[in-house]
>>> print(open('model21.txt').read())   # compact mmCIF, N, CA and C atoms
# COMPACT_ATOMS: atom_id res chain seq x y z
N MET A 1 -92.93 -44.12 34.50
CA MET A 1 -92.03 -43.52 35.47
C MET A 1 -92.45 -43.94 36.87
N ALA A 2 -91.49 -44.35 37.68
CA ALA A 2 -91.76 -44.82 39.03
C ALA A 2 -92.12 -43.66 39.94
N ASN A 3 -92.84 -43.98 40.98
CA ASN A 3 -93.24 -42.98 41.96
C ASN A 3 -92.13 -42.85 43.01
N PHE A 4 -91.63 -41.64 43.25
CA PHE A 4 -90.57 -41.41 44.22
C PHE A 4 -91.09 -40.57 45.37
N ASP A 5 -90.62 -40.91 46.55
CA ASP A 5 -90.87 -40.05 47.71
C ASP A 5 -89.73 -39.06 47.77
N ILE A 6 -90.03 -37.79 47.62
CA ILE A 6 -89.01 -36.75 47.66
C ILE A 6 -88.81 -36.35 49.12
N ASP A 7 -87.57 -36.39 49.57
CA ASP A 7 -87.22 -36.01 50.93
C ASP A 7 -86.86 -34.53 50.95
N GLY A 8 -87.83 -33.71 51.30
CA GLY A 8 -87.63 -32.26 51.31
C GLY A 8 -86.54 -31.83 52.27
N ASP A 9 -86.43 -32.53 53.42
CA ASP A 9 -85.39 -32.18 54.39
C ASP A 9 -84.00 -32.43 53.80
N LEU A 10 -83.86 -33.54 53.07
CA LEU A 10 -82.57 -33.83 52.45
C LEU A 10 -82.22 -32.77 51.41
N ILE A 11 -83.19 -32.37 50.62
CA ILE A 11 -82.94 -31.33 49.61
C ILE A 11 -82.53 -30.03 50.28
N ARG A 12 -83.21 -29.66 51.36
CA ARG A 12 -82.84 -28.44 52.08
C ARG A 12 -81.43 -28.54 52.66
N LYS A 13 -81.08 -29.70 53.23
CA LYS A 13 -79.74 -29.88 53.78
C LYS A 13 -78.68 -29.76 52.69
N LEU A 14 -78.95 -30.37 51.54
CA LEU A 14 -77.99 -30.29 50.43
C LEU A 14 -77.88 -28.86 49.91
N ALA A 15 -79.01 -28.15 49.84
CA ALA A 15 -78.99 -26.76 49.39
C ALA A 15 -78.21 -25.89 50.38
N ASP A 16 -78.40 -26.14 51.68
CA ASP A 16 -77.64 -25.41 52.70
C ASP A 16 -76.14 -25.69 52.55
N LEU A 17 -75.81 -26.95 52.28
CA LEU A 17 -74.41 -27.33 52.10
C LEU A 17 -73.81 -26.61 50.88
N LEU A 18 -74.60 -26.45 49.83
CA LEU A 18 -74.13 -25.70 48.67
C LEU A 18 -73.79 -24.27 49.06
N ARG A 19 -74.70 -23.64 49.80
CA ARG A 19 -74.45 -22.25 50.22
C ARG A 19 -73.22 -22.17 51.12
N GLU A 20 -73.10 -23.10 52.09
CA GLU A 20 -71.99 -23.06 53.04
C GLU A 20 -70.64 -23.25 52.36
N THR A 21 -70.59 -24.13 51.37
CA THR A 21 -69.31 -24.46 50.75
C THR A 21 -69.01 -23.65 49.51
N GLY A 22 -70.02 -23.00 48.93
CA GLY A 22 -69.80 -22.25 47.70
C GLY A 22 -69.82 -23.14 46.47
N LEU A 23 -70.15 -24.41 46.64
CA LEU A 23 -70.23 -25.31 45.49
C LEU A 23 -71.43 -24.96 44.64
N ASN A 24 -71.40 -25.35 43.37
CA ASN A 24 -72.52 -25.10 42.47
C ASN A 24 -73.44 -26.30 42.33
N GLU A 25 -72.94 -27.49 42.68
CA GLU A 25 -73.74 -28.69 42.49
C GLU A 25 -73.28 -29.75 43.47
N ILE A 26 -74.22 -30.57 43.94
CA ILE A 26 -73.91 -31.70 44.80
C ILE A 26 -74.86 -32.83 44.46
N GLU A 27 -74.34 -34.04 44.49
CA GLU A 27 -75.16 -35.20 44.16
C GLU A 27 -75.10 -36.20 45.31
N PHE A 28 -76.24 -36.80 45.61
CA PHE A 28 -76.35 -37.79 46.67
C PHE A 28 -76.99 -39.03 46.06
N ALA A 29 -76.38 -40.19 46.26
CA ALA A 29 -76.93 -41.43 45.70
C ALA A 29 -77.10 -42.44 46.82
N GLU A 30 -78.20 -43.17 46.75
CA GLU A 30 -78.46 -44.24 47.70
C GLU A 30 -79.26 -45.30 46.97
N GLY A 31 -78.70 -46.51 46.92
CA GLY A 31 -79.38 -47.57 46.19
C GLY A 31 -79.45 -47.24 44.71
N ASP A 32 -80.64 -47.36 44.14
CA ASP A 32 -80.80 -47.08 42.71
C ASP A 32 -81.35 -45.69 42.45
N LYS A 33 -81.35 -44.84 43.46
CA LYS A 33 -81.85 -43.47 43.30
C LYS A 33 -80.72 -42.48 43.55
N SER A 34 -80.75 -41.40 42.81
CA SER A 34 -79.78 -40.34 43.08
C SER A 34 -80.51 -39.00 43.04
N LEU A 35 -79.96 -38.05 43.75
CA LEU A 35 -80.55 -36.73 43.85
C LEU A 35 -79.44 -35.72 43.61
N ARG A 36 -79.64 -34.82 42.68
CA ARG A 36 -78.65 -33.78 42.37
C ARG A 36 -79.29 -32.43 42.65
N VAL A 37 -78.61 -31.63 43.46
CA VAL A 37 -79.06 -30.27 43.75
C VAL A 37 -78.00 -29.34 43.18
N SER A 38 -78.45 -28.39 42.38
CA SER A 38 -77.48 -27.47 41.79
C SER A 38 -78.01 -26.05 41.88
N ARG A 39 -77.04 -25.14 41.90
CA ARG A 39 -77.41 -23.73 41.89
C ARG A 39 -77.36 -23.28 40.45
N GLY A 40 -78.51 -22.86 39.96
CA GLY A 40 -78.56 -22.35 38.59
C GLY A 40 -78.82 -20.88 38.66
N ALA A 41 -80.01 -20.48 38.25
CA ALA A 41 -80.43 -19.09 38.36
C ALA A 41 -80.56 -18.76 39.84
N PRO A 42 -81.34 -17.79 40.25
CA PRO A 42 -81.42 -17.43 41.65
C PRO A 42 -81.92 -18.55 42.56
N ALA A 43 -82.71 -19.46 42.06
CA ALA A 43 -83.28 -20.50 42.93
C ALA A 43 -82.45 -21.77 42.83
N THR A 44 -82.53 -22.61 43.88
CA THR A 44 -81.89 -23.90 43.88
C THR A 44 -82.85 -24.89 43.26
N SER A 45 -82.37 -25.70 42.34
CA SER A 45 -83.24 -26.67 41.70
C SER A 45 -82.83 -28.06 42.11
N ALA A 46 -83.79 -28.98 42.08
CA ALA A 46 -83.50 -30.36 42.42
C ALA A 46 -83.97 -31.23 41.27
N HIS A 47 -83.22 -32.26 40.99
CA HIS A 47 -83.55 -33.16 39.90
C HIS A 47 -83.34 -34.58 40.39
N VAL A 48 -84.37 -35.42 40.34
CA VAL A 48 -84.27 -36.79 40.78
C VAL A 48 -84.13 -37.67 39.56
N VAL A 49 -83.15 -38.55 39.59
CA VAL A 49 -82.90 -39.44 38.47
C VAL A 49 -82.96 -40.87 38.97
N HIS A 50 -83.68 -41.73 38.27
CA HIS A 50 -83.75 -43.14 38.61
C HIS A 50 -82.79 -43.87 37.69
N THR A 51 -81.83 -44.59 38.27
CA THR A 51 -80.87 -45.32 37.46
C THR A 51 -81.11 -46.81 37.63
N ALA A 52 -80.76 -47.57 36.62
CA ALA A 52 -81.00 -49.00 36.64
C ALA A 52 -80.14 -49.68 37.70
N ALA A 53 -78.85 -49.59 37.58
CA ALA A 53 -77.95 -50.19 38.55
C ALA A 53 -76.73 -49.30 38.67
N PRO A 54 -76.40 -48.87 39.87
CA PRO A 54 -75.27 -47.96 40.05
C PRO A 54 -73.93 -48.68 39.94
N ALA A 55 -73.66 -49.30 38.78
CA ALA A 55 -72.43 -50.06 38.58
C ALA A 55 -71.20 -49.18 38.70
N ALA A 56 -71.25 -47.98 38.16
CA ALA A 56 -70.09 -47.10 38.21
C ALA A 56 -69.77 -46.70 39.65
N VAL A 57 -70.79 -46.49 40.45
CA VAL A 57 -70.58 -46.11 41.84
C VAL A 57 -69.97 -47.26 42.61
N ALA A 58 -70.48 -48.47 42.41
CA ALA A 58 -69.98 -49.63 43.13
C ALA A 58 -68.57 -49.99 42.68
N ALA A 59 -68.21 -49.71 41.44
CA ALA A 59 -66.92 -50.10 40.92
C ALA A 59 -65.81 -49.12 41.29
N ALA A 60 -66.14 -47.98 41.85
CA ALA A 60 -65.12 -46.97 42.14
C ALA A 60 -65.10 -46.57 43.60
N PRO A 61 -64.62 -47.45 44.50
CA PRO A 61 -64.53 -47.04 45.90
C PRO A 61 -63.50 -45.94 46.06
N ALA A 62 -63.83 -44.93 46.86
CA ALA A 62 -62.96 -43.77 47.01
C ALA A 62 -61.73 -44.07 47.86
N ALA A 63 -61.89 -44.88 48.90
CA ALA A 63 -60.78 -45.13 49.79
C ALA A 63 -60.96 -46.49 50.44
N THR A 64 -59.93 -46.94 51.10
CA THR A 64 -60.02 -48.19 51.84
C THR A 64 -61.00 -48.01 52.98
N PRO A 65 -61.97 -48.91 53.12
CA PRO A 65 -62.96 -48.74 54.18
C PRO A 65 -62.30 -48.81 55.55
N VAL A 66 -62.75 -47.98 56.45
CA VAL A 66 -62.30 -48.02 57.82
C VAL A 66 -63.26 -48.90 58.62
N LYS A 67 -62.78 -49.39 59.75
CA LYS A 67 -63.61 -50.32 60.51
C LYS A 67 -64.91 -49.70 60.97
N GLY A 68 -64.99 -48.37 61.15
CA GLY A 68 -66.20 -47.72 61.62
C GLY A 68 -67.17 -47.34 60.53
N ALA A 69 -66.84 -47.64 59.26
CA ALA A 69 -67.65 -47.18 58.14
C ALA A 69 -69.11 -47.63 58.24
N ALA A 70 -69.36 -48.83 58.73
CA ALA A 70 -70.73 -49.32 58.82
C ALA A 70 -71.33 -49.02 60.19
N HIS A 71 -70.60 -48.42 61.06
CA HIS A 71 -71.06 -48.14 62.42
C HIS A 71 -72.13 -47.06 62.41
N PRO A 72 -73.21 -47.24 63.17
CA PRO A 72 -74.26 -46.21 63.19
C PRO A 72 -73.80 -44.89 63.80
N GLY A 73 -72.72 -44.88 64.53
CA GLY A 73 -72.21 -43.65 65.13
C GLY A 73 -71.14 -42.99 64.30
N ALA A 74 -70.93 -43.48 63.07
CA ALA A 74 -69.89 -42.91 62.20
C ALA A 74 -70.29 -41.51 61.76
N LEU A 75 -69.39 -40.56 61.95
CA LEU A 75 -69.58 -39.18 61.48
C LEU A 75 -68.83 -39.09 60.16
N THR A 76 -69.57 -38.80 59.08
CA THR A 76 -68.95 -38.74 57.76
C THR A 76 -68.80 -37.29 57.30
N SER A 77 -67.88 -37.11 56.39
CA SER A 77 -67.59 -35.77 55.90
C SER A 77 -68.73 -35.24 55.03
N PRO A 78 -69.21 -34.03 55.33
CA PRO A 78 -70.27 -33.43 54.51
C PRO A 78 -69.74 -32.73 53.27
N MET A 79 -68.40 -32.76 53.07
CA MET A 79 -67.81 -32.03 51.95
C MET A 79 -66.42 -32.56 51.65
N VAL A 80 -65.88 -32.13 50.54
CA VAL A 80 -64.51 -32.42 50.16
C VAL A 80 -63.64 -31.29 50.70
N GLY A 81 -62.50 -31.63 51.26
CA GLY A 81 -61.61 -30.60 51.79
C GLY A 81 -60.46 -31.21 52.56
N THR A 82 -59.84 -30.40 53.40
CA THR A 82 -58.75 -30.85 54.26
C THR A 82 -59.23 -30.80 55.69
N ALA A 83 -59.11 -31.93 56.39
CA ALA A 83 -59.60 -32.04 57.76
C ALA A 83 -58.50 -31.69 58.75
N TYR A 84 -58.89 -30.96 59.77
CA TYR A 84 -57.97 -30.60 60.84
C TYR A 84 -58.59 -31.01 62.17
N LEU A 85 -57.81 -31.68 63.00
CA LEU A 85 -58.31 -32.18 64.29
C LEU A 85 -58.22 -31.13 65.40
N ALA A 86 -57.48 -30.05 65.16
CA ALA A 86 -57.28 -29.01 66.17
C ALA A 86 -57.58 -27.64 65.55
N PRO A 87 -57.88 -26.65 66.39
CA PRO A 87 -58.21 -25.33 65.86
C PRO A 87 -57.03 -24.61 65.21
N GLU A 88 -55.80 -24.99 65.58
CA GLU A 88 -54.61 -24.40 64.99
C GLU A 88 -53.44 -25.34 65.22
N PRO A 89 -52.38 -25.21 64.43
CA PRO A 89 -51.23 -26.10 64.62
C PRO A 89 -50.68 -26.02 66.04
N GLY A 90 -50.40 -27.18 66.62
CA GLY A 90 -49.85 -27.23 67.97
C GLY A 90 -50.88 -27.20 69.08
N ALA A 91 -52.13 -26.90 68.77
CA ALA A 91 -53.17 -26.86 69.79
C ALA A 91 -53.69 -28.26 70.07
N ALA A 92 -54.35 -28.41 71.21
CA ALA A 92 -54.97 -29.68 71.57
C ALA A 92 -56.10 -29.99 70.58
N PRO A 93 -56.29 -31.27 70.26
CA PRO A 93 -57.37 -31.63 69.33
C PRO A 93 -58.74 -31.32 69.91
N PHE A 94 -59.71 -31.09 69.02
CA PHE A 94 -61.09 -30.86 69.46
C PHE A 94 -61.59 -32.08 70.23
N ALA A 95 -61.31 -33.28 69.72
CA ALA A 95 -61.75 -34.52 70.35
C ALA A 95 -60.79 -35.64 69.98
N LYS A 96 -60.54 -36.53 70.93
CA LYS A 96 -59.69 -37.68 70.66
C LYS A 96 -60.37 -38.93 71.22
N VAL A 97 -59.84 -40.09 70.88
CA VAL A 97 -60.42 -41.35 71.33
C VAL A 97 -60.53 -41.33 72.85
N GLY A 98 -61.71 -41.69 73.35
CA GLY A 98 -61.97 -41.72 74.78
C GLY A 98 -62.66 -40.48 75.30
N ASP A 99 -62.65 -39.39 74.53
CA ASP A 99 -63.31 -38.16 74.96
C ASP A 99 -64.82 -38.30 74.87
N THR A 100 -65.52 -37.67 75.79
CA THR A 100 -66.98 -37.59 75.73
C THR A 100 -67.32 -36.27 75.07
N VAL A 101 -68.19 -36.34 74.05
CA VAL A 101 -68.60 -35.14 73.34
C VAL A 101 -70.11 -34.96 73.47
N LYS A 102 -70.55 -33.73 73.32
CA LYS A 102 -71.97 -33.41 73.37
C LYS A 102 -72.47 -33.14 71.95
N ALA A 103 -73.76 -33.37 71.73
CA ALA A 103 -74.35 -33.06 70.43
C ALA A 103 -74.13 -31.58 70.13
N GLY A 104 -73.67 -31.28 68.93
CA GLY A 104 -73.44 -29.90 68.55
C GLY A 104 -72.05 -29.38 68.85
N GLN A 105 -71.24 -30.18 69.55
CA GLN A 105 -69.88 -29.77 69.88
C GLN A 105 -69.00 -29.93 68.64
N THR A 106 -68.13 -28.95 68.37
CA THR A 106 -67.20 -29.05 67.25
C THR A 106 -66.18 -30.14 67.56
N VAL A 107 -66.04 -31.10 66.61
CA VAL A 107 -65.10 -32.20 66.80
C VAL A 107 -63.92 -32.13 65.84
N LEU A 108 -64.03 -31.33 64.79
CA LEU A 108 -62.93 -31.08 63.86
C LEU A 108 -63.37 -29.98 62.91
N ILE A 109 -62.47 -29.55 62.05
CA ILE A 109 -62.83 -28.57 61.04
C ILE A 109 -62.38 -29.08 59.67
N ILE A 110 -63.11 -28.69 58.65
CA ILE A 110 -62.72 -29.03 57.28
C ILE A 110 -62.57 -27.73 56.52
N GLU A 111 -61.38 -27.56 55.94
CA GLU A 111 -61.12 -26.40 55.10
C GLU A 111 -61.54 -26.75 53.68
N ALA A 112 -62.46 -25.97 53.15
CA ALA A 112 -62.92 -26.16 51.78
C ALA A 112 -62.99 -24.79 51.13
N MET A 113 -62.30 -24.62 50.05
CA MET A 113 -62.28 -23.36 49.31
C MET A 113 -61.86 -22.19 50.22
N LYS A 114 -60.84 -22.44 51.02
CA LYS A 114 -60.25 -21.46 51.94
C LYS A 114 -61.21 -21.00 53.03
N VAL A 115 -62.24 -21.79 53.30
CA VAL A 115 -63.18 -21.51 54.38
C VAL A 115 -63.07 -22.63 55.40
N MET A 116 -62.92 -22.28 56.68
CA MET A 116 -62.86 -23.26 57.74
C MET A 116 -64.29 -23.58 58.19
N ASN A 117 -64.70 -24.82 58.02
CA ASN A 117 -66.05 -25.26 58.35
C ASN A 117 -66.02 -26.14 59.58
N PRO A 118 -66.62 -25.69 60.69
CA PRO A 118 -66.65 -26.54 61.88
C PRO A 118 -67.57 -27.74 61.65
N ILE A 119 -67.10 -28.92 62.02
CA ILE A 119 -67.89 -30.14 61.91
C ILE A 119 -68.30 -30.51 63.33
N LYS A 120 -69.60 -30.55 63.53
CA LYS A 120 -70.15 -30.75 64.87
C LYS A 120 -70.63 -32.18 65.06
N ALA A 121 -70.56 -32.64 66.30
CA ALA A 121 -71.04 -33.97 66.64
C ALA A 121 -72.56 -34.02 66.46
N PRO A 122 -73.07 -34.99 65.71
CA PRO A 122 -74.51 -35.08 65.51
C PRO A 122 -75.25 -35.57 66.76
N ARG A 123 -74.49 -36.20 67.68
CA ARG A 123 -75.09 -36.68 68.92
C ARG A 123 -74.00 -36.78 69.97
N GLY A 124 -74.42 -36.88 71.20
CA GLY A 124 -73.47 -37.01 72.29
C GLY A 124 -72.99 -38.44 72.41
N GLY A 125 -71.84 -38.62 73.05
CA GLY A 125 -71.31 -39.96 73.28
C GLY A 125 -69.81 -39.92 73.45
N THR A 126 -69.21 -41.08 73.35
CA THR A 126 -67.77 -41.22 73.50
C THR A 126 -67.13 -41.47 72.15
N VAL A 127 -66.05 -40.76 71.87
CA VAL A 127 -65.31 -40.95 70.62
C VAL A 127 -64.55 -42.27 70.75
N THR A 128 -64.87 -43.24 69.88
CA THR A 128 -64.22 -44.55 69.92
C THR A 128 -63.21 -44.74 68.81
N GLU A 129 -63.26 -43.89 67.80
CA GLU A 129 -62.32 -44.00 66.69
C GLU A 129 -62.17 -42.65 66.01
N VAL A 130 -60.94 -42.27 65.71
CA VAL A 130 -60.66 -41.12 64.86
C VAL A 130 -60.05 -41.72 63.60
N ALA A 131 -60.77 -41.65 62.49
CA ALA A 131 -60.39 -42.36 61.27
C ALA A 131 -59.50 -41.56 60.34
N ILE A 132 -59.15 -40.34 60.71
CA ILE A 132 -58.33 -39.49 59.85
C ILE A 132 -57.16 -38.95 60.64
N THR A 133 -56.21 -38.37 59.93
CA THR A 133 -55.10 -37.70 60.58
C THR A 133 -55.21 -36.20 60.35
N ASP A 134 -54.55 -35.43 61.16
CA ASP A 134 -54.59 -33.98 61.04
C ASP A 134 -53.99 -33.55 59.71
N GLY A 135 -54.73 -32.70 58.98
CA GLY A 135 -54.25 -32.19 57.69
C GLY A 135 -54.53 -33.12 56.52
N GLN A 136 -55.31 -34.17 56.75
CA GLN A 136 -55.61 -35.15 55.70
C GLN A 136 -56.70 -34.66 54.77
N PRO A 137 -56.52 -34.83 53.45
CA PRO A 137 -57.61 -34.53 52.51
C PRO A 137 -58.73 -35.56 52.73
N VAL A 138 -59.97 -35.10 52.70
CA VAL A 138 -61.12 -36.00 52.88
C VAL A 138 -62.11 -35.82 51.74
N GLU A 139 -62.86 -36.85 51.47
CA GLU A 139 -63.87 -36.86 50.43
C GLU A 139 -65.25 -36.79 51.07
N PHE A 140 -66.24 -36.39 50.29
CA PHE A 140 -67.63 -36.39 50.74
C PHE A 140 -68.01 -37.81 51.13
N GLY A 141 -68.57 -37.99 52.32
CA GLY A 141 -69.03 -39.29 52.78
C GLY A 141 -67.97 -40.13 53.47
N GLU A 142 -66.74 -39.67 53.51
CA GLU A 142 -65.67 -40.42 54.17
C GLU A 142 -65.86 -40.37 55.68
N VAL A 143 -65.62 -41.49 56.35
CA VAL A 143 -65.76 -41.55 57.81
C VAL A 143 -64.65 -40.72 58.45
N LEU A 144 -65.03 -39.82 59.33
CA LEU A 144 -64.09 -38.97 60.03
C LEU A 144 -63.79 -39.52 61.42
N LEU A 145 -64.85 -39.84 62.15
CA LEU A 145 -64.71 -40.43 63.47
C LEU A 145 -65.99 -41.15 63.83
N VAL A 146 -65.91 -41.92 64.93
CA VAL A 146 -67.07 -42.70 65.39
C VAL A 146 -67.39 -42.27 66.82
N ILE A 147 -68.67 -42.00 67.05
CA ILE A 147 -69.14 -41.62 68.38
C ILE A 147 -70.15 -42.67 68.83
N GLU A 148 -69.89 -43.30 69.94
CA GLU A 148 -70.82 -44.32 70.48
C GLU A 148 -71.53 -43.78 71.69
>>> encode(input="model21.txt", output="structure tokens")
Amino acid sequence: MANFDIDGDLIRKLADLLRETGLNEIEFAEGDKSLRVSRGAPATSAHVVHTAAPAAVAAAPAATPVKGAAHPGALTSPMVGTAYLAPEPGAAPFAKVGDTVKAGQTVLIIEAMKVMNPIKAPRGGTVTEVAITDGQPVEFGEVLLVIE
């Protein structure tokens, strides 16, 4: 069995995401390693699995890549749900292309399981791309917007 470096911060973030969204399980894959965090009994458990080659993952792209997907300032969706660019219908958007945002500022919301989850800017900068439309369903890891 290969030696793995367990990222405790990543496990905690995934466990927090489980609590926030009400999901029972979440899986994160990168390269040939994957990490699954699930809520079982009272405690959150983590299971690391080493896979030979993630052929199934590479063969099933979720959506057409957006130009900002490889951008280091890309803000990706932390959950599956419906994205909204404004706090309510008809209101001004939280952020649009050209706006300057601060770290921690809400830039959109994602409704998941009838809960509105504010999505905050991970860093300050200028919004250079909004990759989604208001009311669009989004997948985990999908690029939402780019902040440079």
>>> residues_around(input="model21.txt", residues="segment 22-25 of chain A", least_positions_apart="3", cutoff="6 Å", atoms="only C-alpha atoms", output="ChimeraX atom specification")
/A:18-19,37-39
>>> closest_residue(input="model21.txt", among="A:Lys102, A:Lys33, A:Lys114, A:Lys120", to="Val80 of chain A", atoms="only C-alpha atoms")
A:Lys114
>>> residues_around(input="model21.txt", residues="Val97 of chain A", least_positions_apart="4", cutoff="8 Å", atoms="all atoms listed in the file", output="PDB file with N, CA and C atoms, keeping the file's coordinate frame")
ATOM      1  N   THR A 126     -69.210 -41.080  73.350  1.00  0.00           N
ATOM      2  CA  THR A 126     -67.770 -41.220  73.500  1.00  0.00           C
ATOM      3  C   THR A 126     -67.130 -41.470  72.150  1.00  0.00           C
ATOM      4  N   VAL A 127     -66.050 -40.760  71.870  1.00  0.00           N
ATOM      5  CA  VAL A 127     -65.310 -40.950  70.620  1.00  0.00           C
ATOM      6  C   VAL A 127     -64.550 -42.270  70.750  1.00  0.00           C
ATOM      7  N   THR A 128     -64.870 -43.240  69.880  1.00  0.00           N
ATOM      8  CA  THR A 128     -64.220 -44.550  69.920  1.00  0.00           C
ATOM      9  C   THR A 128     -63.210 -44.740  68.810  1.00  0.00           C
ATOM     10  N   GLU A 129     -63.260 -43.890  67.800  1.00  0.00           N
ATOM     11  CA  GLU A 129     -62.320 -44.000  66.690  1.00  0.00           C
ATOM     12  C   GLU A 129     -62.170 -42.650  66.010  1.00  0.00           C
ATOM     13  N   VAL A 130     -60.940 -42.270  65.710  1.00  0.00           N
ATOM     14  CA  VAL A 130     -60.660 -41.120  64.860  1.00  0.00           C
ATOM     15  C   VAL A 130     -60.050 -41.720  63.600  1.00  0.00           C
TER      16      VAL A 130
END
>>> closest_residue(input="model21.txt", among="A:Gly8, A:Gly135, A:Glu148, A:Ile119", to="Gly104 of chain A", atoms="only N, CA and C atoms")
A:Ile119
>>> atom_distance(input="model21.txt", atom1="atom CA of Val101 of chain A", atom2="atom CA of Ile26 of chain A")
29.2 Å
>>> closest_residue(input="model21.txt", among="A:Leu17, A:Ile109, A:Ala131, A:Pro78", to="Pro93 of chain A", atoms="only C-alpha atoms")
A:Ile109
>>> residues_around(input="model21.txt", residues="Glu111 of chain A", least_positions_apart="4", cutoff="6.5 Å", atoms="only N, CA and C atoms", output="list in words")
Val80, Gly81, Thr82, Ala83, Tyr84, Val115, Met116 and Asn117 of chain A
>>> atom_distance(input="model21.txt", atom1="atom N of Ala103 of chain A", atom2="atom C of Ile11 of chain A")
23.4 Å
>>> atom_distance(input="model21.txt", atom1="atom C of Gln136 of chain A", atom2="atom C of Thr76 of chain A")
12.6 Å
>>> closest_residue(input="model21.txt", among="A:Leu145, A:Ala15, A:Ile132, A:Ala121", to="Ser77 of chain A", atoms="only N, CA and C atoms")
A:Leu145
